[in-house]
Every structure is written in structure tokens, then in C-alpha cells.
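Working notes for the structure below.
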Amino acid sequence: MFDSYSGYRLVSHLAIYLTLCLVVGLLLGEVVWILLLGSFCLLLWHYRQLSRLNFWLWHDRRLTPPNGRGSWEGVFNGIYRLQGKNRKRVSQLAFLLGRFRQGAEALPDAAVVLDSEHNILWCNKLAQLLLGFVWPQDNGQRIDNLIRHPDFSAYLKSNEYNEPLELPSPQSEGHILEIRIMGYGAGQLLLIARDITRVRQLEGMRKEFVANVSHELKTPLTVLQGYLEMMQSMAEPDSPNLRAMEQMQQQTTRMRSMVEQLLALSRIEDASDVNLEIKVSMAQMMDILRDEALALAQDQYEVTFYCEPGLDVYGNELQLRSVCSNLISNAIRYTEPGGKIEVSWRKIASGGLFSVKDNGEGIAPQHIGRLTERFYRVDSARSRQSGGTGLGLAITKHALNHHQSELNIASQLGKGSTFSFVISSNLIDYNP
Ligand code: ADP
């Protein structure tokens with residue numbers, strides 16, 4: 001156990017030393033000279049200790065300190081203790097760092113640690129493979145100097161990393177990477193990249209399959225329906241087959257509308273590059289929608305329309321029409337006759353708001369989040385009966401995505417629902 005610092009001992013040693021000097025001075029009759037000599041010797045001794053300490057700190061390879069004497073013993077031991085503590089902390093940190101790196105190496109994704117200036121601090125082996133980094137040569141390089149893609153640079157600068165970014169792989173042609181960035185430590189960032197080529201291929205195959213099947217089903221269904229119509233028109237009015245034929249006709253009509261909706265969905269999903277520069281006259285569209293709604297409502301509903309004059313949208317007319325007419329036809333179909341439907345298109349601060357409000361059956365909260373999934377229906381029997389396919393809101397969601405918008409649903413069971421979306425100001429042309 002090393003001696004620790006004691007102020008009391010220090011003062012008492014000094015007092016004893018000076019008293020000794022004083023006694024010797026009195027004995028020799030030279031008090032002042034002896035005291036001066038004693039102080040000089042003390043100073044020399046301290047300088048000697050100081051130079052030993054200096055030598056040990058800067059030149060000596062030994063870990064243990066030299067044997068200090070007097071007050072210097074505490075100083076030597078104190079420094080030695082501090083060094084020991086630091087060595088322990090460094091080895092603990094090195095251990096933790098080693099474990100982190102082992103963990104990051106075991107990840108199935110490429111991982112890169114960046115500082116706040118986007119310089120690379122560390123990357124795992126998969127990052128070297130997927131992103132083509134060379135380690136340790138690329139240590140400290142700016143990442144956007146190594147991944148040269150305008151989308152990536154914009155994503156990095158945006159500081160908004162909620163959504164992942166998809167990029168063509170810089171290493172292998174035809175491969176797609178999904179990049180995610182998240183905050184990590186003090187001002188640092190962790191970039192995770194994964195190869196999603198296979199997932200995208202499978203998604204493409206699924207879409208192609210659905211589109212092909214729907215397309216192939218269309219012709220046989222048209223033929224079937226044609227023959228059914230012919231047989232119905234030729235059947236005697238009291239024929240027992242007439243009811244069966246009516247049912248067959250209803251079912252083929254349902255199948256046809258489902259096939260058409262599936263085709264519409266694949267077309268909208270595929271149309272990733274919707275031209276958002278064509279102006280769509282909303283006043284004209286609202287006129288058409290009103291006619292359609294009144295035909296569907298057959299005087300059994302109170303339908304009101306409001307259209308803000310001079311408020312137009314830049315986008316795809318067919319897609320926007322399909323969105324609005326889906327929402328209106330749903331409002332009518334899921335509201336009992338006698339109900340009230342309010343359709344409006346108006347200017348708001350952030351752009352244009354389209355909303356369809358009904359006082360129909362409403363939707364329980366647990367269903368609301370899932371309504372835009374394909375084939376999701378709250379009550380399948382009711383939907384089938386009303387001619388629904390469960391695809392309308394899925395189509396709506398995709399079409400709104402293409403117009404930088406999303407569907408908002410507010411509903412209360414038994415009281416009614418409001419389906420709305422906002423088209424942002426950059427896609428709006430407003431001349432009141
Ligand atoms: P569907 O062809 O069955 O109407 P949608 O995708 O258009 O399919 O709608 C999905 C489900 O959302 C519907 O089956 C229905 O249960 C519910 N829904 C949609 N609009 C309304 C509405 N205005 N009021 C109540 N329920 C609705």
C-alpha cells in the first residue's frame with residue numbers, strides 16, 4: 001500500500017527541520033546563516049526529487065515510480081495510481097470497442113460509422129464489399145466522395161433520415177442497395193446498407209404475375225358474359241334457369257370488376273414516373289364526379305358538392321379521378337339510403353383539400369389503419385353485396401403517393417366517416 005498525501009505530516013516535517021536548523025544556529029551563534037543554509041539545502045533536495053520525477057515520467061521505462069522520500073513519496077505514488085487507473089480505463093474501452101466491432105462485423109448488413117462532418121470513422125467488412133471502401137486507406141474520407149450519386153449526396157445533406165434511400169450499387173451493376181442512416185453517439189451517424197435486389201426482383205415478379213393473370217382472365221370472362229347475356233335474352237320468362245343465369249351474370253360482373261381493378265392497381269403501381277406537370281381542371285372533374293355520384297345515389301341520398309373556383313392540380317387526371325370517385329362511391333355504398341354525403345375541394349394554407357364526408361355506418365378504430373391493404377374489408381359480405389372488391393382504397397393510396405399525398409381517414413362507428421387528402425402547394429395552381 002502506498003503512502004498517500006498528508007498535509008499535516010508535510011508541515012510537521014518542515015517544522016522539525018527548521019527547529020533543528022534553529023538549534024544548530026543557536027549553538028553555533030549563527031542563527032541567520034544556518035537557517036539560510038538549511039533552506040538552501042532543502043531547496044536543492046526538492047530540485048533533486050523533481051528531476052527524479054521528471055526522469056521517471058519522460059525517460060524511465062519502468063512502470064513503478066522511484067522511491068520518493070518525504071513529501072515526494074505521496075506525489076510519486078499519486079501519479080503512479082492515476083496512471084494505473086487510466087491504463088485500466090483504456091483497456092476497458094478497448095475491450096468494449098472490440099466487442100462493438102465484433103458485433104458490427106457479425107451484422108448481415110454493411111455498417112459505416114461517420115462523424116458529424118460525414119467523414120468515415122470505421123466500417124465493417126461487408127461495407128468494403130458492398131460499397132467498395134478500402135480499409136484503412138478510406139479512414140477519414142468524406143463518404144460522399146466515395147459514394148458518388150446525386151441522390152445520396154442530397155439524402156446525406158437533408159438530415160432527414162426517417163425514410164430509407166434506394167440506390168444502384170456502386171460495386172455491382174444491376175444491384176440495388178437500401179441505405180438507412182441513424183444518429184449514433186455524440187453527433188455521429190451510423191449508416192447501414194443492405195442489398196435488396198432479390199426483394200425487388202420478387203416484388204416485380206409478383207406484380208407481373210398479378211398483371212398477367214388479370215389480363216389473361218379478362219378475355220374468357222368477356223366471352224362468358226356475352227354468352228350468358230345471349231342465353232338470358234333467349235330464355236323463356238318462366239324458365240327455371242333464369243334465376244341461375246341471373247346469378248351467373250352477377251358473379252361474372254363481379255369477377256370482371258375485380259380483374260379490372262387488379263389491372264388498374266398494377267398499372268398505378270408501375271407508373272412510378274407520373275408526369276406532374278400537366279394541369280388538371282378540378283372544376284371540370286368535379287362536374288363529372290357530381291354526375292356520377294347523382295347517378296349512383298339515385299335520389300336516395302342528399303349529395304352536396306363544393307368546388308373552390310380556380311383551384312387546379314398538376315398531376316395525372318385519370319389517377320386523381322379514380323381516387324375521388326372511389327371515395328365518393330364508397331361514401332354512398334357504405335351509407336344507408338336517406339344519408340347525407342358532402343364532397344368538397346377547397347383551398348387551405350398548405351394546398352388543396354379534397355374531402356368526402358358521410359353520415360353512414362362508420363368504421364371501428366381497429367380497422368382504420370388497414371383499410372388501404374389489398375382486399376381488406378371491414379365486412380366482406382356487406383362489401384361484396386355492394387359490389388366492392390376491397391381494392392379501391394389500395395388503388396387510392398398508390399395514386400395519392402404519386403401525387404406526394406396520403407389518405408386521411410377520420411371515422412366514428414355508427415356516426416359516419418370523412419376521407420380526405422391534401423395536395424401540397426407545389427402541385428397547386430390557384431387563380432381565384
Ligand atoms: P371495397 O371495394 O370493399 O369498398 P375499398 O378498398 O374501397 O374496398 O374499401 C375497403 C373497406 O373500407 C370497405 O370494405 C369498407 O369496409 C370500408 N370503407 C370504405 N369507405 C367507407 C365509408 N365511407 N364508410 C364506411 N366504411 C368504408
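Convention: chains lettered A, B, ... in C-alpha cells order; per-chain residue numbering from 1; ligands numbered from 1 as shown.
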Dump the neighbourhood of ligand 1 as a ChimeraX atom specification: all residues within 6 Å, distances computed on only C-alpha atoms and all ligand atoms. /A:330-331,334,361-363,371,376-379,383,388-394,417
In segment 258-415 of chain A, DSSP strand (DSSP E) residues written as a PyMOL selection string: chain A and resi 279-280+302-307+311-314+340-348+351-358+408-412
Filtered DSSP result for segment 78-237 of chain A, state helix (DSSP H, G or I), as a PyMOL selection string: chain A and resi 78-106+125-131+143-146+150-158+197-234
So which residues touch segment 184-197 of chain A within 9 Å, counting only C-alpha atoms, skipping near sequence neighbours fewer than 3 positions away, as a ChimeraX atom specification? /A:108-118,127,130-131,166,169,174-181,200-202
Residues near segment 15-18 of chain A, anyone? I mean within 12 Å using only C-alpha atoms, not counting same-chain ones fewer than 6 positions away, as a PyMOL selection string. chain A and resi 8-9+24-25+31-32+34-42+70
Quick one: write out the picked residues with all heavy atoms as a tab-separated table (two decimals), in the first residue's frame?
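And here's out35.tsv as it stands now:
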chain	number	residue	atom	x	y	z
A	8	TYR	N	-0.65	17.40	7.08
A	8	TYR	CA	-0.19	17.55	8.47
A	8	TYR	C	1.27	17.07	8.58
A	8	TYR	O	2.12	17.74	9.15
A	8	TYR	CB	-1.11	16.73	9.38
A	8	TYR	CG	-0.62	16.64	10.79
A	8	TYR	CD1	-0.72	17.75	11.65
A	8	TYR	CD2	-0.04	15.47	11.28
A	8	TYR	CE1	-0.24	17.68	12.94
A	8	TYR	CE2	0.44	15.40	12.57
A	8	TYR	CZ	0.32	16.51	13.40
A	8	TYR	OH	0.80	16.44	14.68
A	9	ARG	N	1.54	15.89	7.94
A	9	ARG	CA	2.89	15.33	8.02
A	9	ARG	C	3.90	16.28	7.36
A	9	ARG	O	5.02	16.49	7.84
A	9	ARG	CB	2.92	13.98	7.31
A	9	ARG	CG	4.13	13.17	7.71
A	9	ARG	CD	3.90	11.68	7.68
A	9	ARG	NE	2.90	11.29	6.73
A	9	ARG	CZ	3.12	10.38	5.77
A	9	ARG	NH1	4.28	9.82	5.65
A	9	ARG	NH2	2.16	10.04	4.96
A	24	VAL	N	20.80	24.32	15.86
A	24	VAL	CA	22.22	24.30	15.44
A	24	VAL	C	22.73	25.75	15.34
A	24	VAL	O	23.83	26.08	15.78
A	24	VAL	CB	22.39	23.55	14.09
A	24	VAL	CG1	23.81	23.66	13.58
A	24	VAL	CG2	22.03	22.09	14.28
A	25	GLY	N	21.89	26.63	14.79
A	25	GLY	CA	22.26	28.04	14.62
A	25	GLY	C	22.53	28.69	15.98
A	25	GLY	O	23.51	29.43	16.15
A	31	VAL	N	22.54	32.09	13.80
A	31	VAL	CA	21.16	31.65	13.52
A	31	VAL	C	20.76	31.91	12.06
A	31	VAL	O	20.31	31.02	11.34
A	31	VAL	CB	20.17	32.33	14.48
A	31	VAL	CG1	18.73	31.97	14.11
A	31	VAL	CG2	20.45	31.93	15.91
A	32	VAL	N	20.99	33.18	11.62
A	32	VAL	CA	20.52	33.56	10.27
A	32	VAL	C	21.22	32.74	9.20
A	32	VAL	O	20.59	32.18	8.29
A	32	VAL	CB	20.74	35.08	10.05
A	32	VAL	CG1	20.33	35.47	8.64
A	32	VAL	CG2	19.97	35.86	11.07
A	34	ILE	N	22.75	29.85	9.43
A	34	ILE	CA	22.40	28.41	9.47
A	34	ILE	C	21.01	28.18	8.88
A	34	ILE	O	20.77	27.25	8.12
A	34	ILE	CB	22.49	27.85	10.91
A	34	ILE	CG1	23.93	27.90	11.42
A	34	ILE	CG2	21.96	26.41	10.99
A	34	ILE	CD1	24.93	27.03	10.66
A	35	LEU	N	20.09	29.13	9.21
A	35	LEU	CA	18.72	29.00	8.65
A	35	LEU	C	18.76	29.12	7.13
A	35	LEU	O	18.11	28.37	6.40
A	35	LEU	CB	17.79	30.06	9.23
A	35	LEU	CG	17.07	29.69	10.52
A	35	LEU	CD1	16.21	30.85	10.99
A	35	LEU	CD2	16.21	28.45	10.36
A	36	LEU	N	19.56	30.07	6.65
A	36	LEU	CA	19.68	30.26	5.19
A	36	LEU	C	20.27	29.03	4.54
A	36	LEU	O	19.78	28.53	3.51
A	36	LEU	CB	20.58	31.46	4.89
A	36	LEU	CG	19.86	32.79	4.64
A	36	LEU	CD1	20.86	33.90	4.43
A	36	LEU	CD2	18.95	32.67	3.42
A	37	LEU	N	21.32	28.49	5.16
A	37	LEU	CA	21.98	27.30	4.62
A	37	LEU	C	21.01	26.11	4.58
A	37	LEU	O	20.91	25.36	3.60
A	37	LEU	CB	23.21	26.96	5.48
A	37	LEU	CG	24.12	25.87	4.94
A	37	LEU	CD1	24.87	26.38	3.70
A	37	LEU	CD2	25.12	25.43	6.01
A	38	GLY	N	20.26	26.00	5.70
A	38	GLY	CA	19.27	24.90	5.79
A	38	GLY	C	18.23	25.01	4.69
A	38	GLY	O	17.88	24.02	4.03
A	39	SER	N	17.74	26.26	4.47
A	39	SER	CA	16.71	26.46	3.43
A	39	SER	C	17.27	26.13	2.05
A	39	SER	O	16.61	25.52	1.20
A	39	SER	CB	16.21	27.90	3.42
A	39	SER	OG	15.77	28.25	4.67
A	40	PHE	N	18.56	26.53	1.83
A	40	PHE	CA	19.17	26.25	0.53
A	40	PHE	C	19.28	24.74	0.28
A	40	PHE	O	18.98	24.24	-0.81
A	40	PHE	CB	20.55	26.93	0.50
A	40	PHE	CG	21.27	26.72	-0.79
A	40	PHE	CD1	20.82	27.34	-1.96
A	40	PHE	CD2	22.41	25.91	-0.84
A	40	PHE	CE1	21.50	27.13	-3.15
A	40	PHE	CE2	23.07	25.70	-2.04
A	40	PHE	CZ	22.62	26.31	-3.19
A	41	CYS	N	19.71	24.03	1.38
A	41	CYS	CA	19.82	22.56	1.25
A	41	CYS	C	18.46	21.94	0.94
A	41	CYS	O	18.34	21.03	0.11
A	41	CYS	CB	20.36	21.95	2.54
A	41	CYS	SG	22.06	22.36	2.77
A	42	LEU	N	17.43	22.48	1.62
A	42	LEU	CA	16.07	21.94	1.40
A	42	LEU	C	15.65	22.15	-0.06
A	42	LEU	O	15.09	21.25	-0.71
A	42	LEU	CB	15.09	22.65	2.35
A	42	LEU	CG	13.69	22.06	2.41
A	42	LEU	CD1	13.75	20.66	3.00
A	42	LEU	CD2	12.78	22.91	3.29
A	70	GLY	N	10.10	11.64	1.89
A	70	GLY	CA	9.39	12.77	2.48
A	70	GLY	C	8.10	13.06	1.73
A	70	GLY	O	7.36	12.16	1.33
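Checking A:Arg148, A:Leu14, A:Met182, A:His215 one by one against Glu160 of chain A, counting only C-alpha atoms, you find the shortest gap at A:Met182.
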So that I can check the surroundings of Lys218 of chain A, please list as a list in words every protein, DNA and RNA residue that reaches within 9 Å of it, counting only C-alpha atoms and ignoring chain neighbours fewer than 5 positions away.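 Neighbouring residues, sequence-local ones excluded: Val213, Val223, Arg256, Val259 and Glu260 of chain A.
Comparing A:Ile268, A:Ile143, A:Ala297, A:Met230 by their smallest distance to Leu400 of chain A, the closest is A:Ile268 (using only C-alpha atoms).
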Mind checking which residues fall within 7 Å of Val313 of chain A, counting only C-alpha atoms, ignoring those fewer than 3 positions away in the same chain, and posting them as a PyMOL selection string? chain A and resi 279-282+427-429
Residue among A:Ala364, A:Val303, A:Asp270, A:His402 lying closest to Arg206 of chain A, counting only C-alpha atoms: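 Of A:Ala364, A:Val303, A:Asp270, A:His402, the one nearest Arg206 of chain A, counting only C-alpha atoms, is A:Asp270.
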Which of these residues is nearest to Arg267 of chain A, using only C-alpha atoms: A:Phe55, A:Gln249, A:Leu407, A:Asn212?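 Nearest to Arg267 of chain A: A:Asn212.
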Please report the interatomic distance between atom CA of Gln284 of chain A and atom CA of His403 of chain A in Å with one decimal.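 According to the coordinates, atom CA of Gln284 of chain A and atom CA of His403 of chain A are separated by 19.0 Å.
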